[in-house]
2 protein chains.
Amino acid sequence: LSAAADRFPLPPGSVIGILGGGQLGRMLALAAARLGFETAVLDPAPDAPATRVAAHTITAAYTDAEALVRLAAISAVITFEFENVPAAAVDALTGAGAAVAPPGRALAIAQDRLAEKTFLNEAGAPTVAFAPIDAAADLGPALAKLGHPLLLKTRRGGYDGKGQAWIESPAEAEAVWASVGARAAIAEAPADFIRELSIIAARGRDGELAFYPVAENHHEHGVLRRSVAPARISPKVQAQAERIAATVLTALDYVGVIGVELFERDDGRLLVNEFAPRVHNTGHWTLDGCEVDQFEQHIRAVAGWPLGPTQALARVEMTNLLGAEVDQWRVLAAEPGTRLWLYGKAEARPGRKMGHVNRLSPLKG
Amino acid sequence: LSAAADRFPLPPGSVIGILGGGQLGRMLALAAARLGFETAVLDPAPDAPATRVAAHTITAAYTDAEALVRLAAISAVITFEFENVPAAAVDALTGAGAAVAPPGRALAIAQDRLAEKTFLNEAGAPTVAFAPIDAAADLGPALAKLGHPLLLKTRRGGYDGKGQAWIESPAEAEAVWASVGARAAIAEAPADFIRELSIIAARGRDGELAFYPVAENHHEHGVLRRSVAPARISPKVQAQAERIAATVLTALDYVGVIGVELFERDDGRLLVNEFAPRVHNTGHWTLDGCEVDQFEQHIRAVAGWPLGPTQALARVEMTNLLGAEVDQWRVLAAEPGTRLWLYGKAEARPGRKMGHVNRLSPLKG
């Protein structure tokens with residue numbers, strides 16, 4: 001452990017391993033390159049976006065123990081672009097002597113919606129009321145305790161709105177549970193939110209904390225469509241979001257960038273929807289709105305470097321380019337005040353995140 | 001030719017070939033990745049900085065015809081990070097059907113200081129008075145015509161102050177010529193400048209022009225130490241610099257970014273020192289001072305995309321990190337308002353460009 005601590009801060013030229021080669025891994029790799037680091041990307045797909053800008057590529061399943069050992073052998077630190085890394089993979093990396101950040105515990109908690117909400121409440125970060133649904137017999141007591149409607153979500157898997165459905169009345173409860181696979185689930189009371197917000201925050205190896213301005217987010221069909229940051233919120237709400245993020249980061253002894261999704265209620269209270277132990281789509285605005293964006297911030301944190309400034313230099317509206325929307329690149333490239341990010345994905349399948357644009361405007365006004 | 005024109009604008013996912021894998025190639029590759037392009041880097045060194053962030057690497061001499069054909073086969077367009085590419089290499093690429101930008105003629109002229117100054121004067125871009133020195137016998141007439149001191153420079157090769165020396169008096173002329181290798185040279189009258197300036201400009205495939213604010217540059221031992229931009233000059237001087245750049249770009253039917261080094265005289269007149277048909281060290285300030293930096297601008301131009309905005313968003317002082325100065329990374333990373341760029345070079349040889357910092361301050365004040 002002390003040998004591991006001694007390697008930080010990592011000098012330029014060190015190799016940063018990244019599990020996952022999608023657009024988040026790609027933008028992490030670009031940020032790492034700016035600071036003189038090399039990256040090693042492990043992904044099952046040989047042409048994953050991040051592999052195109054990485055010095056080292058390992059094409060293997062996340063469960064391939066031999067490949068993980070190879071990654072650990074060349075990397076000074078290993079991080080993740082997504083949270084669904086099998087716990088066994090993290091154990092294999094740690095066992096091979098790798099420094100892993102964020103900590104495996106953050107991944108494990110984020111992978112299980114019940115563990116996540118339990119952890120958040122125990123740490124003092126408020127969420128909606130919830131109940132575990134392990135069997136059909138649990139539905140009745142949950143409805144009795146929480147009322148209805150209830151949002152039923154599988155404990156594991158599912159993202160972008162998949163693996164969840166509303167129970168509008170007790171009569172349909174069993175059918176809804178069957179519709180999400182009759183698997184271990186969590187039933188959540190409605191959040192009654194007026195807005196969806198998020199905060200991107202970071203914690204360094206020395207415990208230093210940094211918070212970006214809160215973003216306001218708009219989803220369509222469960223997928224993020226648009227974020228606006230800084231959100232038009234009061235300083236009190238910003239402070240509340242920062243307190244929540246600080247609570248989560250500290251309780252997890254976290255290292256790296258985290259994305260915390262929040263519900264804003266009409267009484268001004270914030271509830272945590274969920275956290276993502278990684279860079280986050282609602283933080284893409286920082287790429288053009290801040291001196292140090294979330295990707296460089298994450299690299300700084302996991303490398304043991306000092307965190308960078310987080311204040312907004314402009315107001316940014318970030319819009320995801322989904323599927324064939326990426327074909328608008330020619331128009332978008334000519335749009336004044338619009339910064340285009342494309343992820344180098346070959347196939348523009350419907351709904352696939354192909355890129356995003358950041359539209360800038362002055363902070364005041 | 002029309003088939004070549006039809007391929008532009010290049011769609012995202014296209015491969016952009018880069019001859020040269022140093023820091024300029026690296027920053028070009030990073031800018032290309034942002035726009036969804038892949039890059040293919042040809043460099044004699046297997047671990048050259050740009051190869052660490054490129055999807056395709058060809059390790060070969062610039063004169064390796066077979067390697068050049070391979071590069072042409074995978075690249076939708078080919079560009080350069082430096083101007084000393086052999087004309088035969090450009091011919092090989094063009095012969096293999098590659099679209100090459102900037103044009104080979106710009107490279108050929110920039111490689112020969114006599115051809116360069118002759119071209120500039122014919123195009124209407126003012127320079128110091130000069131005379132060709134092909135043999136010792138040319139020294140006397142040059143001194144008679146231009147007076148002394150004279151700056152003697154080899155016509156080809158030499159950079160960062162190498163391959164040049166002052167003739168302080170007629171008596172030492174032959175010895176000075178011998179000191180630069182008794183090779184084909186050019187004798188230049190002193191510029192009598194009060195400041196060294198430069199302008200980074202770009203020309204698109206449709207002839208569109210774009211000009212960045214002029215930078216003020218400070219050299220030490222012939223190597224750029226520091227640039228400040230926007231330079232504190234009058235709008236008239238900026239306009240004069242833009243006119244000169246426009247003249248050069250148009251006369252060369254140029255595509256891409258160019259760096260034009262200027263001498264400012266005390267009467268306000270600008271003279272061209274030389275031009276670099278590529279992205280330029282004195283344009284590194286744009287990385288953190290402009291919405292679209294010189295690297296993205298070059299990628300946009302060679303890919304046939306619309307050029308981006310060039311106005312300064314901040315005042316930037318760019319300082320090169322030479323040799324062991326890069327060891328200050330830990331301090332620099334913690335410095336507020338300071339953006340660090342490291343090039344991923346393993347060996348910090350004395351004077352070697354290892355990285356740079358951009359220090360930002362508000363435009364007004």
# chains A, B, ... in the order shown; residues from 1 in each chain; ligands from 1
call {"tool": "residues_around", "arguments": {"residues": "range 321-333 of chain A", "least_positions_apart": "2", "cutoff": "6 Å", "atoms": "only C-alpha atoms", "output": "NGL selection string"}}
result
:A and (335 or 348-356)
call {"tool": "closest_atom_pairs", "arguments": {"of": "chain B", "to": "chain A", "cutoff": "8 Å", "atoms": "only C-alpha atoms", "output": "CSV"}}
result
residue,atom,partner,partner_atom,distance
B:Pro12,CA,A:Gly344,CA,6.8
B:Gly13,CA,A:Gly344,CA,5.6
B:Leu30,CA,A:Leu30,CA,6.5
B:Ala33,CA,A:Val53,CA,7.4
B:Arg34,CA,A:Trp341,CA,5.3
B:Leu35,CA,A:Leu342,CA,5.0
B:Gly36,CA,A:Gly344,CA,4.3
B:Phe37,CA,A:Gly344,CA,6.4
B:Glu38,CA,A:Arg52,CA,6.9
B:Thr51,CA,A:Ala55,CA,7.5
B:Arg52,CA,A:Ala55,CA,4.4
B:Val53,CA,A:Val53,CA,4.2
B:Ala54,CA,A:Val53,CA,5.3
B:Ala55,CA,A:Arg52,CA,4.4
B:Glu291,CA,A:Arg339,CA,7.8
B:Trp305,CA,A:Ala333,CA,7.4
B:Pro306,CA,A:Ala334,CA,5.8
B:Leu307,CA,A:Ala334,CA,7.6
B:Gly308,CA,A:Ala334,CA,7.2
B:Pro309,CA,A:Pro336,CA,7.4
B:Arg330,CA,A:Trp305,CA,7.5
B:Ala333,CA,A:Pro306,CA,6.8
B:Ala334,CA,A:Pro306,CA,5.8
B:Pro336,CA,A:Pro309,CA,7.4
B:Gly337,CA,A:Glu291,CA,7.9
B:Arg339,CA,A:Glu291,CA,7.8
B:Leu340,CA,A:Leu35,CA,6.7
B:Trp341,CA,A:Arg34,CA,5.3
B:Leu342,CA,A:Gly36,CA,4.5
B:Tyr343,CA,A:Gly36,CA,5.3
B:Gly344,CA,A:Gly36,CA,4.3
B:Lys345,CA,A:Gly13,CA,7.4
B:Ala346,CA,A:Gly13,CA,6.8
call {"tool": "write_last_selection", "arguments": {"atoms": "N, CA, C and O atoms", "output": "compact mmCIF listing (two decimals), in the first residue's frame"}}
result
# COMPACT_ATOMS: atom_id res chain seq x y z
N PRO B 12 -16.38 12.66 -41.08
CA PRO B 12 -15.76 12.09 -39.87
C PRO B 12 -15.51 10.60 -40.09
O PRO B 12 -16.26 9.93 -40.79
N GLY B 13 -14.42 10.12 -39.52
CA GLY B 13 -14.04 8.72 -39.72
C GLY B 13 -12.96 8.59 -40.78
O GLY B 13 -12.28 7.57 -40.83
N LEU B 30 -4.49 15.03 -32.00
CA LEU B 30 -5.49 15.24 -30.95
C LEU B 30 -6.66 16.08 -31.47
O LEU B 30 -7.82 15.80 -31.18
N ALA B 33 -8.84 13.97 -33.73
CA ALA B 33 -9.67 13.02 -32.97
C ALA B 33 -10.93 13.69 -32.45
O ALA B 33 -12.00 13.10 -32.44
N ARG B 34 -10.79 14.92 -32.01
CA ARG B 34 -11.95 15.66 -31.51
C ARG B 34 -13.05 15.73 -32.57
O ARG B 34 -14.23 15.67 -32.25
N LEU B 35 -12.65 15.85 -33.83
CA LEU B 35 -13.62 15.98 -34.92
C LEU B 35 -13.99 14.62 -35.50
O LEU B 35 -14.65 14.54 -36.54
N GLY B 36 -13.56 13.53 -34.85
CA GLY B 36 -13.98 12.21 -35.29
C GLY B 36 -13.12 11.59 -36.37
O GLY B 36 -13.45 10.55 -36.91
N PHE B 37 -11.98 12.24 -36.69
CA PHE B 37 -11.07 11.68 -37.69
C PHE B 37 -10.11 10.68 -37.05
O PHE B 37 -9.87 10.71 -35.83
N GLU B 38 -9.55 9.82 -37.88
CA GLU B 38 -8.42 9.00 -37.46
C GLU B 38 -7.16 9.60 -38.09
O GLU B 38 -7.23 10.29 -39.09
N THR B 51 2.81 9.30 -32.68
CA THR B 51 2.42 7.90 -32.89
C THR B 51 1.65 7.36 -31.69
O THR B 51 0.89 6.40 -31.83
N ARG B 52 1.83 7.97 -30.52
CA ARG B 52 1.18 7.47 -29.30
C ARG B 52 -0.30 7.78 -29.26
O ARG B 52 -1.02 7.25 -28.41
N VAL B 53 -0.75 8.65 -30.14
CA VAL B 53 -2.17 9.02 -30.16
C VAL B 53 -2.79 8.83 -31.54
O VAL B 53 -3.87 9.35 -31.82
N ALA B 54 -2.10 8.11 -32.40
CA ALA B 54 -2.59 7.90 -33.77
C ALA B 54 -3.10 6.47 -33.93
O ALA B 54 -2.58 5.53 -33.33
N ALA B 55 -4.13 6.30 -34.76
CA ALA B 55 -4.70 4.97 -35.00
C ALA B 55 -3.75 4.13 -35.86
O ALA B 55 -3.69 2.92 -35.72
N GLU B 291 -11.36 29.78 -29.51
CA GLU B 291 -12.36 28.73 -29.60
C GLU B 291 -11.82 27.59 -30.48
O GLU B 291 -11.89 26.42 -30.10
N TRP B 305 -13.24 21.40 -44.47
CA TRP B 305 -14.30 21.87 -43.58
C TRP B 305 -14.26 23.40 -43.54
O TRP B 305 -13.26 24.02 -43.89
N PRO B 306 -15.36 24.02 -43.09
CA PRO B 306 -15.32 25.47 -42.90
C PRO B 306 -14.30 25.83 -41.84
O PRO B 306 -14.11 25.08 -40.88
N LEU B 307 -13.63 26.97 -42.02
CA LEU B 307 -12.69 27.43 -41.00
C LEU B 307 -13.47 27.90 -39.76
O LEU B 307 -14.64 28.25 -39.86
N GLY B 308 -12.80 27.87 -38.62
CA GLY B 308 -13.43 28.28 -37.37
C GLY B 308 -13.04 29.68 -36.97
O GLY B 308 -12.16 30.29 -37.59
N PRO B 309 -13.70 30.21 -35.92
CA PRO B 309 -13.41 31.56 -35.45
C PRO B 309 -11.99 31.67 -34.89
O PRO B 309 -11.44 30.69 -34.39
N ARG B 330 5.17 19.46 -11.91
CA ARG B 330 4.39 19.33 -10.68
C ARG B 330 3.96 20.71 -10.16
O ARG B 330 2.84 20.89 -9.71
N ALA B 333 1.46 22.33 -12.81
CA ALA B 333 0.11 21.75 -12.80
C ALA B 333 -0.76 22.38 -11.71
O ALA B 333 -1.98 22.33 -11.78
N ALA B 334 -0.12 22.95 -10.70
CA ALA B 334 -0.86 23.54 -9.58
C ALA B 334 -1.01 25.05 -9.72
O ALA B 334 -1.64 25.69 -8.88
N PRO B 336 -2.44 28.46 -10.79
CA PRO B 336 -3.74 28.90 -11.30
C PRO B 336 -3.61 29.65 -12.61
O PRO B 336 -2.65 30.39 -12.83
N GLY B 337 -4.57 29.44 -13.51
CA GLY B 337 -4.58 30.14 -14.80
C GLY B 337 -3.50 29.66 -15.75
O GLY B 337 -3.23 30.32 -16.75
N ARG B 339 -2.17 26.59 -18.17
CA ARG B 339 -2.54 25.36 -18.86
C ARG B 339 -1.28 24.69 -19.37
O ARG B 339 -0.48 25.29 -20.08
N LEU B 340 -1.13 23.42 -18.99
CA LEU B 340 0.10 22.68 -19.26
C LEU B 340 -0.10 21.74 -20.44
O LEU B 340 -1.10 21.02 -20.52
N TRP B 341 0.85 21.75 -21.36
CA TRP B 341 0.86 20.82 -22.48
C TRP B 341 2.19 20.10 -22.49
O TRP B 341 3.24 20.73 -22.61
N LEU B 342 2.15 18.79 -22.36
CA LEU B 342 3.39 18.00 -22.39
C LEU B 342 3.34 17.06 -23.59
O LEU B 342 2.28 16.56 -23.96
N TYR B 343 4.51 16.83 -24.20
CA TYR B 343 4.54 16.18 -25.50
C TYR B 343 4.82 14.68 -25.45
O TYR B 343 4.87 14.02 -26.48
N GLY B 344 5.06 14.15 -24.24
CA GLY B 344 5.28 12.71 -24.15
C GLY B 344 6.63 12.26 -24.68
O GLY B 344 6.77 11.13 -25.13
N LYS B 345 7.63 13.16 -24.65
CA LYS B 345 8.98 12.76 -25.07
C LYS B 345 9.72 12.17 -23.89
O LYS B 345 9.73 12.75 -22.80
N ALA B 346 10.37 11.04 -24.12
CA ALA B 346 11.01 10.33 -23.02
C ALA B 346 12.25 11.07 -22.52
O ALA B 346 12.46 11.22 -21.33
call {"tool": "select_by_dssp", "arguments": {"residues": "range 108-255 of chain B", "states": "strand (DSSP E)", "output": "PyMOL selection string"}}
result
chain B and resi 130-133+150-154+164-167+185-188+193-203+209-211+215-220+223-229
call {"tool": "closest_residue", "arguments": {"among": "B:Leu107, B:Ile133, B:Val302, B:Ala99", "to": "Phe82 in chain B", "atoms": "only C-alpha atoms"}}
result
B:Leu107
call {"tool": "residues_around", "arguments": {"residues": "Ser198 in chain B", "least_positions_apart": "6", "cutoff": "10 Å", "atoms": "only C-alpha atoms", "output": "PyMOL selection string"}}
result
chain B and resi 212-217+227+229+231+241+245+259-264+272-275+280+282-283
call {"tool": "write_last_selection", "arguments": {"atoms": "N, CA, C and O atoms", "output": "CSV table (one decimal), in the first residue's frame"}}
result
chain,number,residue,atom,x,y,z
B,212,TYR,N,-5.5,34.8,-37.1
B,212,TYR,CA,-5.4,34.9,-35.6
B,212,TYR,C,-4.8,36.3,-35.3
B,212,TYR,O,-4.0,36.9,-36.1
B,213,PRO,N,-5.1,36.8,-34.1
B,213,PRO,CA,-4.3,37.9,-33.6
B,213,PRO,C,-2.8,37.7,-33.6
B,213,PRO,O,-2.4,36.6,-33.4
B,214,VAL,N,-2.1,38.7,-33.9
B,214,VAL,CA,-0.6,38.7,-34.0
B,214,VAL,C,0.0,38.4,-32.6
B,214,VAL,O,-0.6,38.8,-31.6
B,215,ALA,N,1.0,37.6,-32.6
B,215,ALA,CA,1.8,37.3,-31.4
B,215,ALA,C,3.1,38.0,-31.4
B,215,ALA,O,3.7,38.2,-32.4
B,216,GLU,N,3.5,38.4,-30.2
B,216,GLU,CA,4.9,38.9,-30.0
B,216,GLU,C,5.8,37.8,-29.5
B,216,GLU,O,5.4,37.1,-28.5
B,217,ASN,N,6.9,37.7,-30.1
B,217,ASN,CA,7.8,36.5,-29.8
B,217,ASN,C,9.2,36.9,-29.2
B,217,ASN,O,9.7,37.9,-29.7
B,227,SER,N,5.9,33.5,-26.3
B,227,SER,CA,5.0,34.3,-27.2
B,227,SER,C,4.0,34.9,-26.3
B,227,SER,O,3.5,34.3,-25.4
B,229,ALA,N,0.2,36.8,-26.8
B,229,ALA,CA,-0.8,37.1,-27.8
B,229,ALA,C,-2.2,37.4,-27.1
B,229,ALA,O,-2.4,36.8,-26.1
B,231,ALA,N,-0.7,40.3,-29.3
B,231,ALA,CA,0.4,41.3,-29.1
B,231,ALA,C,-0.2,42.7,-28.9
B,231,ALA,O,-1.3,43.0,-29.4
B,241,ALA,N,-0.3,42.9,-41.0
B,241,ALA,CA,0.1,41.5,-40.9
B,241,ALA,C,-0.9,40.6,-41.7
B,241,ALA,O,-0.5,39.6,-42.4
B,245,ALA,N,-0.1,38.1,-44.8
B,245,ALA,CA,-0.5,36.6,-44.8
B,245,ALA,C,-1.4,36.3,-45.9
B,245,ALA,O,-1.2,35.2,-46.6
B,259,GLY,N,2.4,29.8,-40.6
B,259,GLY,CA,2.9,30.7,-39.6
B,259,GLY,C,3.9,31.7,-40.4
B,259,GLY,O,4.8,31.2,-41.0
B,260,VAL,N,3.6,33.0,-40.2
B,260,VAL,CA,4.4,34.0,-40.9
B,260,VAL,C,5.2,34.8,-39.9
B,260,VAL,O,4.5,35.4,-39.0
B,261,GLU,N,6.5,34.6,-39.9
B,261,GLU,CA,7.3,35.4,-38.9
B,261,GLU,C,7.6,36.8,-39.4
B,261,GLU,O,8.0,36.9,-40.6
B,262,LEU,N,7.4,37.8,-38.6
B,262,LEU,CA,7.5,39.2,-39.0
B,262,LEU,C,8.5,40.0,-38.2
B,262,LEU,O,8.6,39.7,-37.0
B,263,PHE,N,9.1,40.9,-38.8
B,263,PHE,CA,9.9,41.9,-38.1
B,263,PHE,C,9.1,43.2,-38.0
B,263,PHE,O,8.6,43.7,-39.1
B,264,GLU,N,8.9,43.8,-36.9
B,264,GLU,CA,8.3,45.1,-36.8
B,264,GLU,C,9.4,46.2,-36.7
B,264,GLU,O,10.2,46.1,-35.8
B,272,VAL,N,8.6,40.4,-43.7
B,272,VAL,CA,8.5,39.0,-43.4
B,272,VAL,C,9.9,38.4,-43.2
B,272,VAL,O,10.8,38.7,-44.0
B,273,ASN,N,10.1,37.7,-42.1
B,273,ASN,CA,11.4,37.0,-41.9
B,273,ASN,C,11.3,35.7,-42.7
B,273,ASN,O,12.1,35.5,-43.6
B,274,GLU,N,10.3,34.9,-42.4
B,274,GLU,CA,10.1,33.7,-43.1
B,274,GLU,C,8.7,33.1,-42.8
B,274,GLU,O,8.0,33.6,-41.9
B,275,PHE,N,8.3,32.2,-43.6
B,275,PHE,CA,7.0,31.5,-43.3
B,275,PHE,C,7.2,30.0,-43.1
B,275,PHE,O,8.2,29.5,-43.7
B,280,HIS,N,2.5,26.2,-36.1
B,280,HIS,CA,3.7,26.9,-35.7
B,280,HIS,C,3.8,27.1,-34.2
B,280,HIS,O,2.8,27.4,-33.6
B,282,THR,N,4.7,29.6,-32.5
B,282,THR,CA,4.1,30.8,-32.0
B,282,THR,C,2.6,30.9,-32.0
B,282,THR,O,2.0,31.8,-31.6
B,283,GLY,N,2.0,29.7,-32.5
B,283,GLY,CA,0.5,29.6,-32.4
B,283,GLY,C,0.0,28.7,-31.4
B,283,GLY,O,-1.2,28.5,-31.3
call {"tool": "decode", "arguments": {"residues": "range 57-82 of chain B", "atoms": "C-alpha atoms", "output": "JSON list (two decimals), in the first residue's frame"}}
result
[["chain", "number", "residue", "atom", "x", "y", "z"],
["B", 57, "THR", "CA", 1.65, 4.31, -37.45],
["B", 58, "ILE", "CA", 4.20, 3.77, -40.21],
["B", 59, "THR", "CA", 7.79, 3.69, -39.01],
["B", 60, "ALA", "CA", 9.91, 4.61, -42.03],
["B", 61, "ALA", "CA", 12.23, 7.21, -43.49],
["B", 62, "TYR", "CA", 10.58, 10.13, -45.29],
["B", 63, "THR", "CA", 12.35, 8.90, -48.41],
["B", 64, "ASP", "CA", 10.94, 5.36, -48.20],
["B", 65, "ALA", "CA", 8.81, 5.24, -51.36],
["B", 66, "GLU", "CA", 7.07, 2.01, -50.40],
["B", 67, "ALA", "CA", 6.09, 3.44, -47.00],
["B", 68, "LEU", "CA", 4.79, 6.62, -48.62],
["B", 69, "VAL", "CA", 2.61, 4.58, -50.95],
["B", 70, "ARG", "CA", 1.26, 2.71, -47.92],
["B", 71, "LEU", "CA", 0.47, 6.03, -46.21],
["B", 72, "ALA", "CA", -1.25, 7.30, -49.34],
["B", 73, "ALA", "CA", -3.31, 4.11, -49.56],
["B", 74, "ILE", "CA", -4.90, 4.58, -46.12],
["B", 75, "SER", "CA", -5.15, 8.40, -46.00],
["B", 76, "ALA", "CA", -7.94, 10.56, -47.43],
["B", 77, "VAL", "CA", -5.58, 13.54, -47.25],
["B", 78, "ILE", "CA", -1.93, 13.89, -46.23],
["B", 79, "THR", "CA", -0.37, 16.80, -44.41],
["B", 80, "PHE", "CA", 2.95, 17.65, -42.74],
["B", 81, "GLU", "CA", 4.14, 18.73, -39.36],
["B", 82, "PHE", "CA", 7.35, 20.17, -40.78]]
